[in-house]
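File shown: protein.pdb (PDB, C-alpha atoms, pLDDT in the B column).
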ATOM      1  CA  MET Q   1      -7.717  19.971   3.253  1.00 82.00           C
ATOM      2  CA  LYS Q   2     -10.926  18.121   4.024  1.00 90.00           C
ATOM      3  CA  ARG Q   3     -12.960  17.330   0.960  1.00 92.00           C
ATOM      4  CA  HIS Q   4     -16.684  17.928   0.620  1.00 93.00           C
ATOM      5  CA  HIS Q   5     -17.727  14.268   0.785  1.00 93.00           C
ATOM      6  CA  ASP Q   6     -15.566  13.426   3.830  1.00 94.00           C
ATOM      7  CA  LEU Q   7     -18.216  13.868   6.522  1.00 91.00           C
ATOM      8  CA  GLY Q   8     -16.848  11.783   9.416  1.00 91.00           C
ATOM      9  CA  GLY Q   9     -17.108  13.680  12.701  1.00 90.00           C
ATOM     10  CA  GLU Q  10     -19.357  16.430  11.336  1.00 90.00           C
ATOM     11  CA  PRO Q  11     -22.781  17.047  12.888  1.00 89.00           C
ATOM     12  CA  GLY Q  12     -25.179  15.032  10.744  1.00 86.00           C
ATOM     13  CA  GLY Q  13     -28.508  16.444  11.856  1.00 89.00           C
ATOM     14  CA  PRO Q  14     -31.586  14.360  12.681  1.00 93.00           C
ATOM     15  CA  ILE Q  15     -32.095  10.978  11.020  1.00 90.00           C
ATOM     16  CA  ASP Q  16     -35.414  10.350   9.279  1.00 89.00           C
ATOM     17  CA  PRO Q  17     -36.159   6.664  10.018  1.00 93.00           C
ATOM     18  CA  THR Q  18     -39.335   6.494   7.959  1.00 93.00           C
ATOM     19  CA  ALA Q  19     -39.400   4.346   4.835  1.00 90.00           C
ATOM     20  CA  HIS Q  20     -39.252   6.225   1.567  1.00 86.00           C
ATOM     21  CA  PRO Q  21     -40.366   5.011  -1.855  1.00 89.00           C
ATOM     22  CA  VAL Q  22     -37.716   3.523  -4.122  1.00 89.00           C
ATOM     23  CA  GLU Q  23     -38.061   5.100  -7.545  1.00 92.00           C
ATOM     24  CA  PRO Q  24     -37.900   2.734 -10.571  1.00 94.00           C
ATOM     25  CA  TRP Q  25     -35.161   4.884 -12.141  1.00 92.00           C
ATOM     26  CA  ALA Q  26     -33.002   4.411  -9.035  1.00 94.00           C
ATOM     27  CA  LYS Q  27     -33.371   0.636  -9.412  1.00 95.00           C
ATOM     28  CA  LEU Q  28     -32.404   0.961 -13.078  1.00 94.00           C
ATOM     29  CA  ILE Q  29     -29.296   2.988 -12.176  1.00 94.00           C
ATOM     30  CA  THR Q  30     -28.326   0.344  -9.593  1.00 95.00           C
ATOM     31  CA  ALA Q  31     -28.855  -2.447 -12.124  1.00 97.00           C
ATOM     32  CA  THR Q  32     -26.776  -0.616 -14.737  1.00 95.00           C
ATOM     33  CA  VAL Q  33     -23.902  -0.150 -12.297  1.00 95.00           C
ATOM     34  CA  GLY Q  34     -24.153  -3.836 -11.363  1.00 96.00           C
ATOM     35  CA  ALA Q  35     -24.093  -4.912 -15.023  1.00 96.00           C
ATOM     36  CA  LEU Q  36     -21.046  -2.757 -15.783  1.00 96.00           C
ATOM     37  CA  ARG Q  37     -19.218  -4.085 -12.710  1.00 96.00           C
ATOM     38  CA  SER Q  38     -20.034  -7.726 -13.452  1.00 97.00           C
ATOM     39  CA  ARG Q  39     -18.651  -7.289 -16.989  1.00 96.00           C
ATOM     40  CA  GLY Q  40     -15.442  -5.764 -15.664  1.00 94.00           C
ATOM     41  CA  LEU Q  41     -16.196  -2.393 -17.297  1.00 95.00           C
ATOM     42  CA  MET Q  42     -15.994  -0.408 -14.057  1.00 95.00           C
ATOM     43  CA  THR Q  43     -15.164  -0.864 -10.385  1.00 96.00           C
ATOM     44  CA  VAL Q  44     -16.905   0.315  -7.239  1.00 96.00           C
ATOM     45  CA  ASP Q  45     -13.763   2.356  -6.550  1.00 97.00           C
ATOM     46  CA  GLU Q  46     -14.228   4.239  -9.827  1.00 98.00           C
ATOM     47  CA  LEU Q  47     -17.852   4.946  -8.932  1.00 97.00           C
ATOM     48  CA  ARG Q  48     -16.824   6.250  -5.501  1.00 97.00           C
ATOM     49  CA  ARG Q  49     -14.069   8.413  -7.000  1.00 98.00           C
ATOM     50  CA  THR Q  50     -16.453   9.921  -9.528  1.00 98.00           C
ATOM     51  CA  ILE Q  51     -19.097  10.624  -6.869  1.00 97.00           C
ATOM     52  CA  GLU Q  52     -16.513  12.239  -4.585  1.00 96.00           C
ATOM     53  CA  ASP Q  53     -15.320  14.446  -7.446  1.00 96.00           C
ATOM     54  CA  LEU Q  54     -18.803  15.827  -8.149  1.00 97.00           C
ATOM     55  CA  PRO Q  55     -19.126  19.560  -7.470  1.00 96.00           C
ATOM     56  CA  PRO Q  56     -20.618  20.149  -3.975  1.00 96.00           C
ATOM     57  CA  GLN Q  57     -23.932  21.443  -5.334  1.00 96.00           C
ATOM     58  CA  ILE Q  58     -24.390  18.183  -7.267  1.00 95.00           C
ATOM     59  CA  TYR Q  59     -22.941  15.991  -4.519  1.00 96.00           C
ATOM     60  CA  ASP Q  60     -25.555  17.363  -2.110  1.00 94.00           C
ATOM     61  CA  GLN Q  61     -28.391  15.958  -4.202  1.00 94.00           C
ATOM     62  CA  PRO Q  62     -30.090  12.722  -3.086  1.00 92.00           C
ATOM     63  CA  TYR Q  63     -28.063   9.506  -3.092  1.00 92.00           C
ATOM     64  CA  PHE Q  64     -29.156   8.051  -6.430  1.00 94.00           C
ATOM     65  CA  GLU Q  65     -28.958  11.431  -8.151  1.00 95.00           C
ATOM     66  CA  ARG Q  66     -25.234  11.260  -7.326  1.00 96.00           C
ATOM     67  CA  TRP Q  67     -25.049   7.759  -8.740  1.00 96.00           C
ATOM     68  CA  ALA Q  68     -26.757   8.897 -11.941  1.00 95.00           C
ATOM     69  CA  GLU Q  69     -24.415  11.865 -12.363  1.00 95.00           C
ATOM     70  CA  ALA Q  70     -21.350   9.713 -11.678  1.00 97.00           C
ATOM     71  CA  LEU Q  71     -22.541   6.949 -14.000  1.00 96.00           C
ATOM     72  CA  ALA Q  72     -22.983   9.408 -16.891  1.00 95.00           C
ATOM     73  CA  ILE Q  73     -19.433  10.707 -16.307  1.00 96.00           C
ATOM     74  CA  LEU Q  74     -17.985   7.175 -16.185  1.00 96.00           C
ATOM     75  CA  LEU Q  75     -19.838   6.066 -19.329  1.00 96.00           C
ATOM     76  CA  ASP Q  76     -18.276   9.016 -21.153  1.00 96.00           C
ATOM     77  CA  GLU Q  77     -14.825   8.488 -19.601  1.00 96.00           C
ATOM     78  CA  LYS Q  78     -14.808   4.851 -20.710  1.00 95.00           C
ATOM     79  CA  GLY Q  79     -16.106   5.565 -24.188  1.00 95.00           C
ATOM     80  CA  LEU Q  80     -19.298   3.545 -23.642  1.00 95.00           C
ATOM     81  CA  ALA Q  81     -21.660   6.484 -24.197  1.00 95.00           C
ATOM     82  CA  THR Q  82     -20.845  10.144 -24.670  1.00 95.00           C
ATOM     83  CA  SER Q  83     -22.521  12.756 -22.505  1.00 91.00           C
ATOM     84  CA  ALA Q  84     -24.200  14.024 -25.725  1.00 94.00           C
ATOM     85  CA  GLU Q  85     -25.711  10.558 -26.276  1.00 96.00           C
ATOM     86  CA  VAL Q  86     -26.906  10.335 -22.673  1.00 93.00           C
ATOM     87  CA  GLY Q  87     -28.329  13.858 -22.929  1.00 92.00           C
ATOM     88  CA  ALA Q  88     -30.155  13.035 -26.183  1.00 95.00           C
ATOM     89  CA  CYS Q  89     -31.586   9.891 -24.595  1.00 92.00           C
ATOM     90  CA  MET Q  90     -32.862  11.909 -21.628  1.00 90.00           C
ATOM     91  CA  GLU Q  91     -34.467  14.439 -23.977  1.00 94.00           C
ATOM     92  CA  ARG Q  92     -36.200  11.618 -25.842  1.00 94.00           C
ATOM     93  CA  LEU Q  93     -37.501  10.025 -22.623  1.00 89.00           C
ATOM     94  CA  LEU Q  94     -38.724  13.400 -21.429  1.00 91.00           C
ATOM     95  CA  ALA Q  95     -40.567  13.971 -24.706  1.00 92.00           C
ATOM     96  CA  GLU Q  96     -42.169  10.502 -24.485  1.00 90.00           C
ATOM     97  CA  LYS Q  97     -43.255  11.204 -20.928  1.00 84.00           C
ATOM     98  CA  GLU Q  98     -44.918  14.445 -21.979  1.00 83.00           C
ATOM     99  CA  VAL Q  99     -47.154  12.797 -24.583  1.00 79.00           C
ATOM    100  CA  VAL Q 100     -48.431  10.186 -22.095  1.00 68.00           C
ATOM    101  CA  PRO Q 101     -51.805  11.413 -20.729  1.00 62.00           C
TER
ATOM    102  CA  MET V   1       2.119  -7.949  -2.643  1.00 56.00           C
ATOM    103  CA  ASN V   2       4.818  -6.020  -0.802  1.00 62.00           C
ATOM    104  CA  GLY V   3       6.494  -8.763   1.272  1.00 89.00           C
ATOM    105  CA  VAL V   4       5.689  -9.378   4.919  1.00 95.00           C
ATOM    106  CA  PRO V   5       3.437  -7.036   6.929  1.00 97.00           C
ATOM    107  CA  SER V   6       5.333  -4.251   8.727  1.00 97.00           C
ATOM    108  CA  TYR V   7       3.135  -4.294  11.846  1.00 97.00           C
ATOM    109  CA  VAL V   8       1.829  -6.887  14.284  1.00 97.00           C
ATOM    110  CA  ALA V   9      -1.224  -6.857  16.556  1.00 97.00           C
ATOM    111  CA  GLY V  10      -0.702  -4.652  19.602  1.00 96.00           C
ATOM    112  CA  GLU V  11       1.828  -2.382  17.937  1.00 97.00           C
ATOM    113  CA  PRO V  12       1.269   1.399  18.264  1.00 97.00           C
ATOM    114  CA  VAL V  13       0.903   3.235  14.960  1.00 98.00           C
ATOM    115  CA  ARG V  14       0.199   6.727  13.731  1.00 97.00           C
ATOM    116  CA  VAL V  15      -1.902   7.512  10.670  1.00 98.00           C
ATOM    117  CA  ILE V  16       0.039   9.652   8.234  1.00 97.00           C
ATOM    118  CA  ALA V  17      -1.144  13.276   8.345  1.00 96.00           C
ATOM    119  CA  ALA V  18      -1.088  13.730   4.576  1.00 95.00           C
ATOM    120  CA  HIS V  19      -3.802  15.214   2.382  1.00 94.00           C
ATOM    121  CA  PRO V  20      -3.026  14.079  -1.148  1.00 94.00           C
ATOM    122  CA  PRO V  21      -5.608  14.848  -3.842  1.00 93.00           C
ATOM    123  CA  GLY V  22      -7.643  12.057  -5.356  1.00 94.00           C
ATOM    124  CA  HIS V  23      -9.692   9.138  -4.064  1.00 96.00           C
ATOM    125  CA  ARG V  24      -8.380   8.317  -0.566  1.00 96.00           C
ATOM    126  CA  ARG V  25      -9.812   5.656   1.698  1.00 94.00           C
ATOM    127  CA  THR V  26      -8.486   7.054   4.979  1.00 97.00           C
ATOM    128  CA  PRO V  27     -10.962   9.588   6.397  1.00 97.00           C
ATOM    129  CA  PHE V  28      -9.790  13.092   7.180  1.00 96.00           C
ATOM    130  CA  TYR V  29     -10.618  12.920  10.895  1.00 97.00           C
ATOM    131  CA  ILE V  30      -8.256  10.005  11.582  1.00 98.00           C
ATOM    132  CA  ARG V  31      -5.172  11.393   9.825  1.00 97.00           C
ATOM    133  CA  GLY V  32      -2.376  12.158  12.275  1.00 97.00           C
ATOM    134  CA  LYS V  33      -4.066  10.167  15.075  1.00 97.00           C
ATOM    135  CA  GLU V  34      -2.424   7.365  17.053  1.00 97.00           C
ATOM    136  CA  GLY V  35      -3.873   3.935  17.644  1.00 97.00           C
ATOM    137  CA  VAL V  36      -2.920   0.288  18.067  1.00 97.00           C
ATOM    138  CA  ILE V  37      -2.974  -2.516  15.512  1.00 98.00           C
ATOM    139  CA  GLU V  38      -5.993  -4.637  16.448  1.00 98.00           C
ATOM    140  CA  ARG V  39      -5.416  -7.268  13.768  1.00 98.00           C
ATOM    141  CA  TYR V  40      -3.839  -7.888  10.406  1.00 98.00           C
ATOM    142  CA  CYS V  41      -6.579  -8.274   7.767  1.00 98.00           C
ATOM    143  CA  GLY V  42      -4.582  -9.592   4.788  1.00 98.00           C
ATOM    144  CA  THR V  43      -3.740  -8.112   1.397  1.00 97.00           C
ATOM    145  CA  PHE V  44      -6.103  -6.357  -0.999  1.00 97.00           C
ATOM    146  CA  PRO V  45      -5.810  -4.469  -4.298  1.00 97.00           C
ATOM    147  CA  ASN V  46      -5.256  -0.771  -3.619  1.00 98.00           C
ATOM    148  CA  PRO V  47      -8.630   0.996  -4.054  1.00 98.00           C
ATOM    149  CA  GLU V  48      -6.848   4.338  -4.408  1.00 98.00           C
ATOM    150  CA  GLU V  49      -5.400   3.028  -7.707  1.00 97.00           C
ATOM    151  CA  ARG V  50      -8.445   1.041  -8.796  1.00 97.00           C
ATOM    152  CA  ALA V  51     -10.444   4.277  -8.526  1.00 98.00           C
ATOM    153  CA  TYR V  52      -8.624   5.482 -11.667  1.00 97.00           C
ATOM    154  CA  GLY V  53      -8.890   2.305 -13.702  1.00 94.00           C
ATOM    155  CA  PHE V  54      -5.600   0.705 -12.663  1.00 96.00           C
ATOM    156  CA  SER V  55      -5.357  -2.843 -11.300  1.00 96.00           C
ATOM    157  CA  GLY V  56      -4.435  -1.837  -7.750  1.00 97.00           C
ATOM    158  CA  LEU V  57      -1.626  -4.400  -7.843  1.00 97.00           C
ATOM    159  CA  PRO V  58       0.566  -5.300  -6.075  1.00 96.00           C
ATOM    160  CA  LYS V  59      -1.887  -5.924  -3.265  1.00 97.00           C
ATOM    161  CA  ARG V  60      -1.392  -3.895  -0.099  1.00 97.00           C
ATOM    162  CA  HIS V  61      -1.409  -4.951   3.546  1.00 98.00           C
ATOM    163  CA  LEU V  62      -4.551  -3.928   5.422  1.00 98.00           C
ATOM    164  CA  TYR V  63      -4.918  -3.637   9.195  1.00 98.00           C
ATOM    165  CA  ARG V  64      -7.744  -3.007  11.603  1.00 98.00           C
ATOM    166  CA  VAL V  65      -6.532  -0.221  13.865  1.00 98.00           C
ATOM    167  CA  ARG V  66      -8.080   0.565  17.255  1.00 98.00           C
ATOM    168  CA  PHE V  67      -8.295   4.166  18.446  1.00 98.00           C
ATOM    169  CA  ARG V  68      -9.578   5.718  21.656  1.00 97.00           C
ATOM    170  CA  GLN V  69     -12.437   8.111  20.922  1.00 97.00           C
ATOM    171  CA  MET V  70     -10.878  10.622  23.338  1.00 96.00           C
ATOM    172  CA  ASP V  71      -7.759  10.648  21.130  1.00 95.00           C
ATOM    173  CA  ILE V  72      -9.780  11.454  18.006  1.00 96.00           C
ATOM    174  CA  TRP V  73     -12.308  14.125  18.949  1.00 95.00           C
ATOM    175  CA  PRO V  74     -11.307  17.381  20.621  1.00 92.00           C
ATOM    176  CA  GLY V  75     -13.170  17.769  23.932  1.00 92.00           C
ATOM    177  CA  TYR V  76     -14.670  14.261  23.783  1.00 94.00           C
ATOM    178  CA  ASN V  77     -17.024  13.873  26.751  1.00 94.00           C
ATOM    179  CA  GLY V  78     -17.803  10.144  26.525  1.00 95.00           C
ATOM    180  CA  PRO V  79     -16.309   7.334  28.610  1.00 96.00           C
ATOM    181  CA  THR V  80     -12.523   7.052  28.343  1.00 94.00           C
ATOM    182  CA  HIS V  81     -12.827   3.411  27.223  1.00 96.00           C
ATOM    183  CA  ASP V  82     -14.894   4.298  24.129  1.00 98.00           C
ATOM    184  CA  LEU V  83     -13.132   2.905  21.058  1.00 98.00           C
ATOM    185  CA  LEU V  84     -13.269   3.224  17.299  1.00 97.00           C
ATOM    186  CA  GLU V  85     -11.824   0.679  14.883  1.00 98.00           C
ATOM    187  CA  LEU V  86     -10.965   1.461  11.275  1.00 98.00           C
ATOM    188  CA  GLU V  87      -9.434  -0.605   8.520  1.00 98.00           C
ATOM    189  CA  ILE V  88      -6.397   1.215   7.146  1.00 98.00           C
ATOM    190  CA  PHE V  89      -3.875   0.275   4.472  1.00 98.00           C
ATOM    191  CA  GLU V  90      -0.214   0.007   5.424  1.00 98.00           C
ATOM    192  CA  HIS V  91       0.816   2.906   3.197  1.00 97.00           C
ATOM    193  CA  TRP V  92      -1.227   5.200   5.469  1.00 98.00           C
ATOM    194  CA  LEU V  93       0.553   4.055   8.650  1.00 98.00           C
ATOM    195  CA  MET V  94       3.833   4.821  10.389  1.00 98.00           C
ATOM    196  CA  LYS V  95       5.367   3.610  13.617  1.00 96.00           C
ATOM    197  CA  ALA V  96       4.289   5.470  16.776  1.00 94.00           C
ATOM    198  CA  GLU V  97       6.656   5.857  19.702  1.00 78.00           C
ATOM    199  CA  VAL V  98       4.041   5.993  22.440  1.00 60.00           C
ATOM    200  CA  THR V  99       1.233   3.490  22.923  1.00 50.00           C
ATOM    201  CA  ALA V 100      -2.026   5.330  22.381  1.00 46.00           C
TER
END
Any chance you could give the structure as structure tokens?
Amino acid sequence: MKRHHDLGGEPGGPIDPTAHPVEPWAKLITATVGALRSRGLMTVDELRRTIEDLPPQIYDQPYFERWAEALAILLDEKGLATSAEVGACMERLLAEKEVVP
Amino acid sequence: MNGVPSYVAGEPVRVIAAHPPGHRRTPFYIRGKEGVIERYCGTFPNPEERAYGFSGLPKRHLYRVRFRQMDIWPGYNGPTHDLLELEIFEHWLMKAEVTA
């Protein structure tokens, strides 16, 4: 059976060729993945596998949202950071953001 | 690595029509289709194993396989000489009797 991520041959809809802003958090996610790969802590194949295994409703989020979701799963899988630790960190960042005027 | 490559350039092949679970690098739409070996690409660690934290060794033979678009898409309306080339690992290929 065809899996959700396997889109080859499906109608893709119109392509939006306009430039879109690159969010700083997306750069940070990319840098984190690069650092983990360069230290031999994960492979691009593991990242792809984790992205492909995301539930369809999460997979259908924007590109770097997928990366972020997959990265959190891989950090937990490899014992580098539990999902509770990642969640607590996100809560803290959110709280810091709220106090900034 | 698993010895010498099983296929040479110009040889007709069929992509295995299997749908195993897990991370697979052969897209759904090409499974079961026939094409011709365009070139031998060398040996590479198996990404389908590396995806789960294994080494991917021994390395696997990789080929670039040439397909006719009309053989891939039902009701394809484009020119009959339209081609598509994909890189496919040997464990996804089998011999084909008829040249595609």
Which residues, written as a compact mmCIF listing (two decimals) with C-alpha atoms, keeping the file's coordinate frame, have at least one atom at most 7 Å from segment 48-63 of chain Q, with all atoms listed in the file counted and residues fewer than 6 positions away on the same chain left out?
# COMPACT_ATOMS: atom_id res chain seq x y z
CA HIS Q 4 -16.68 17.93 0.62
CA HIS Q 5 -17.73 14.27 0.78
CA ALA Q 70 -21.35 9.71 -11.68
CA HIS V 23 -9.69 9.14 -4.06
CA ALA V 51 -10.44 4.28 -8.53
Residue list for chain V near chain Q as a VMD selection string, 10 Å, all atoms listed in the file: chain V and resid 18 to 30 46 to 54 72 to 73
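Comparing the minimum interatomic distances between Leu57 of chain V and each of V:Glu97, V:Leu84, V:Ile37, V:Pro45, counting only C-alpha atoms, we find that V:Pro45 sits nearest.
For Arg68 of chain V, the residues within 12 Å (counting all atoms listed in the file, excluding itself and residues fewer than 6 positions away along the chain) are Ile30, Lys33, Glu34, Gly35, Val36, Pro74, Tyr76, Gly78, Pro79, Thr80, His81, Asp82, Leu83, Leu84, Glu85, Leu86, Thr99 and Ala100 of chain V.
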Atom CA of Leu80 of chain Q and atom CA of Leu36 of chain Q are how many Å apart? 10.2 Å
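Reported to one decimal place, the separation of atom CA of Val4 of chain V from atom CA of Lys59 of chain V is 11.7 Å.
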For Arg14 of chain V, which residue among V:Gly56, V:Arg31, V:His91, V:Cys41 is the nearest when counting all atoms listed in the file? V:Arg31
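Pairwise distance (atom CA of Gly40 of chain Q, atom CA of Asp76 of chain Q) equals 16.0 Å.
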Show which residues sit within 12 Å of Val86 of chain Q, as an MDAnalysis selection string. Count all atoms listed in the file, and ignore same-chain residues fewer than 5 positions away. chainID Q and resid 68:69 71:76 79:81 91:93
Using all atoms of segment 62-81 of chain Q listed in the file and a margin of 5 Å per side, can you give the axis-aligned box centre and edge lengths in Å to one decimal, as JSON?
{"center_x": -22.4, "center_y": 8.1, "center_z": -13.6, "size_x": 25.3, "size_y": 19.2, "size_z": 31.1}
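Taken over the whole file, the PyMOL selection byres ((chain V and resi 61) around 8) covers exactly Met1, Asn2, Pro5, Tyr40, Cys41, Gly42, Thr43, Phe44, Lys59, Arg60, Leu62, Tyr63, Phe89 and Glu90 of chain V.
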N, CA and C atoms restored at segment 20-46 of chain V, emitted as a PDB file, in the frame of the given file:
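Final output, saved to selection.pdb:
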ATOM      1  N   PRO V  20      -3.217  14.117   0.307  1.00 94.00           N
ATOM      2  CA  PRO V  20      -3.026  14.079  -1.148  1.00 94.00           C
ATOM      3  C   PRO V  20      -4.364  14.188  -1.872  1.00 94.00           C
ATOM      4  N   PRO V  21      -4.366  14.792  -3.066  1.00 93.00           N
ATOM      5  CA  PRO V  21      -5.608  14.848  -3.842  1.00 93.00           C
ATOM      6  C   PRO V  21      -5.993  13.455  -4.321  1.00 93.00           C
ATOM      7  N   GLY V  22      -7.218  13.330  -4.788  1.00 94.00           N
ATOM      8  CA  GLY V  22      -7.643  12.057  -5.356  1.00 94.00           C
ATOM      9  C   GLY V  22      -8.502  11.251  -4.404  1.00 94.00           C
ATOM     10  N   HIS V  23      -8.824  10.028  -4.829  1.00 96.00           N
ATOM     11  CA  HIS V  23      -9.692   9.138  -4.064  1.00 96.00           C
ATOM     12  C   HIS V  23      -8.863   8.489  -2.955  1.00 96.00           C
ATOM     13  N   ARG V  24      -9.134   8.842  -1.716  1.00 96.00           N
ATOM     14  CA  ARG V  24      -8.380   8.317  -0.566  1.00 96.00           C
ATOM     15  C   ARG V  24      -9.326   7.639   0.396  1.00 96.00           C
ATOM     16  N   ARG V  25      -8.915   6.464   0.866  1.00 94.00           N
ATOM     17  CA  ARG V  25      -9.812   5.656   1.698  1.00 94.00           C
ATOM     18  C   ARG V  25      -9.573   5.832   3.192  1.00 94.00           C
ATOM     19  N   THR V  26      -8.743   6.777   3.569  1.00 97.00           N
ATOM     20  CA  THR V  26      -8.486   7.054   4.979  1.00 97.00           C
ATOM     21  C   THR V  26      -9.164   8.376   5.316  1.00 97.00           C
ATOM     22  N   PRO V  27     -10.215   8.347   6.175  1.00 97.00           N
ATOM     23  CA  PRO V  27     -10.962   9.588   6.397  1.00 97.00           C
ATOM     24  C   PRO V  27     -10.113  10.694   7.030  1.00 97.00           C
ATOM     25  N   PHE V  28     -10.526  11.906   6.739  1.00 96.00           N
ATOM     26  CA  PHE V  28      -9.790  13.092   7.180  1.00 96.00           C
ATOM     27  C   PHE V  28      -9.591  13.088   8.701  1.00 96.00           C
ATOM     28  N   TYR V  29     -10.656  12.741   9.441  1.00 97.00           N
ATOM     29  CA  TYR V  29     -10.618  12.920  10.895  1.00 97.00           C
ATOM     30  C   TYR V  29      -9.605  12.010  11.597  1.00 97.00           C
ATOM     31  N   ILE V  30      -9.151  10.947  10.909  1.00 98.00           N
ATOM     32  CA  ILE V  30      -8.256  10.005  11.582  1.00 98.00           C
ATOM     33  C   ILE V  30      -6.783  10.265  11.220  1.00 98.00           C
ATOM     34  N   ARG V  31      -6.548  11.131  10.266  1.00 97.00           N
ATOM     35  CA  ARG V  31      -5.172  11.393   9.825  1.00 97.00           C
ATOM     36  C   ARG V  31      -4.404  12.099  10.934  1.00 97.00           C
ATOM     37  N   GLY V  32      -3.205  11.601  11.210  1.00 97.00           N
ATOM     38  CA  GLY V  32      -2.376  12.158  12.275  1.00 97.00           C
ATOM     39  C   GLY V  32      -2.665  11.577  13.650  1.00 97.00           C
ATOM     40  N   LYS V  33      -3.701  10.720  13.766  1.00 97.00           N
ATOM     41  CA  LYS V  33      -4.066  10.167  15.075  1.00 97.00           C
ATOM     42  C   LYS V  33      -3.295   8.870  15.341  1.00 97.00           C
ATOM     43  N   GLU V  34      -3.132   8.581  16.650  1.00 97.00           N
ATOM     44  CA  GLU V  34      -2.424   7.365  17.053  1.00 97.00           C
ATOM     45  C   GLU V  34      -3.390   6.305  17.544  1.00 97.00           C
ATOM     46  N   GLY V  35      -3.081   5.070  17.202  1.00 97.00           N
ATOM     47  CA  GLY V  35      -3.873   3.935  17.644  1.00 97.00           C
ATOM     48  C   GLY V  35      -2.995   2.708  17.773  1.00 97.00           C
ATOM     49  N   VAL V  36      -3.635   1.554  17.890  1.00 97.00           N
ATOM     50  CA  VAL V  36      -2.920   0.288  18.067  1.00 97.00           C
ATOM     51  C   VAL V  36      -3.443  -0.708  17.034  1.00 97.00           C
ATOM     52  N   ILE V  37      -2.544  -1.473  16.449  1.00 98.00           N
ATOM     53  CA  ILE V  37      -2.974  -2.516  15.512  1.00 98.00           C
ATOM     54  C   ILE V  37      -3.851  -3.520  16.263  1.00 98.00           C
ATOM     55  N   GLU V  38      -5.083  -3.680  15.812  1.00 98.00           N
ATOM     56  CA  GLU V  38      -5.993  -4.637  16.448  1.00 98.00           C
ATOM     57  C   GLU V  38      -5.825  -6.007  15.810  1.00 98.00           C
ATOM     58  N   ARG V  39      -5.687  -6.017  14.476  1.00 98.00           N
ATOM     59  CA  ARG V  39      -5.416  -7.268  13.768  1.00 98.00           C
ATOM     60  C   ARG V  39      -4.898  -6.965  12.356  1.00 98.00           C
ATOM     61  N   TYR V  40      -4.252  -7.948  11.804  1.00 98.00           N
ATOM     62  CA  TYR V  40      -3.839  -7.888  10.406  1.00 98.00           C
ATOM     63  C   TYR V  40      -4.964  -8.506   9.579  1.00 98.00           C
ATOM     64  N   CYS V  41      -5.407  -7.826   8.532  1.00 98.00           N
ATOM     65  CA  CYS V  41      -6.579  -8.274   7.767  1.00 98.00           C
ATOM     66  C   CYS V  41      -6.224  -9.002   6.474  1.00 98.00           C
ATOM     67  N   GLY V  42      -4.949  -8.951   6.047  1.00 98.00           N
ATOM     68  CA  GLY V  42      -4.582  -9.592   4.788  1.00 98.00           C
ATOM     69  C   GLY V  42      -4.224  -8.558   3.731  1.00 98.00           C
ATOM     70  N   THR V  43      -4.124  -9.019   2.485  1.00 97.00           N
ATOM     71  CA  THR V  43      -3.740  -8.112   1.397  1.00 97.00           C
ATOM     72  C   THR V  43      -4.902  -7.930   0.424  1.00 97.00           C
ATOM     73  N   PHE V  44      -5.008  -6.709  -0.092  1.00 97.00           N
ATOM     74  CA  PHE V  44      -6.103  -6.357  -0.999  1.00 97.00           C
ATOM     75  C   PHE V  44      -5.585  -5.407  -2.067  1.00 97.00           C
ATOM     76  N   PRO V  45      -6.183  -5.453  -3.273  1.00 97.00           N
ATOM     77  CA  PRO V  45      -5.810  -4.469  -4.298  1.00 97.00           C
ATOM     78  C   PRO V  45      -6.041  -3.053  -3.749  1.00 97.00           C
ATOM     79  N   ASN V  46      -5.183  -2.140  -4.141  1.00 98.00           N
ATOM     80  CA  ASN V  46      -5.256  -0.771  -3.619  1.00 98.00           C
ATOM     81  C   ASN V  46      -6.414  -0.003  -4.260  1.00 98.00           C
TER      82      ASN V  46
END
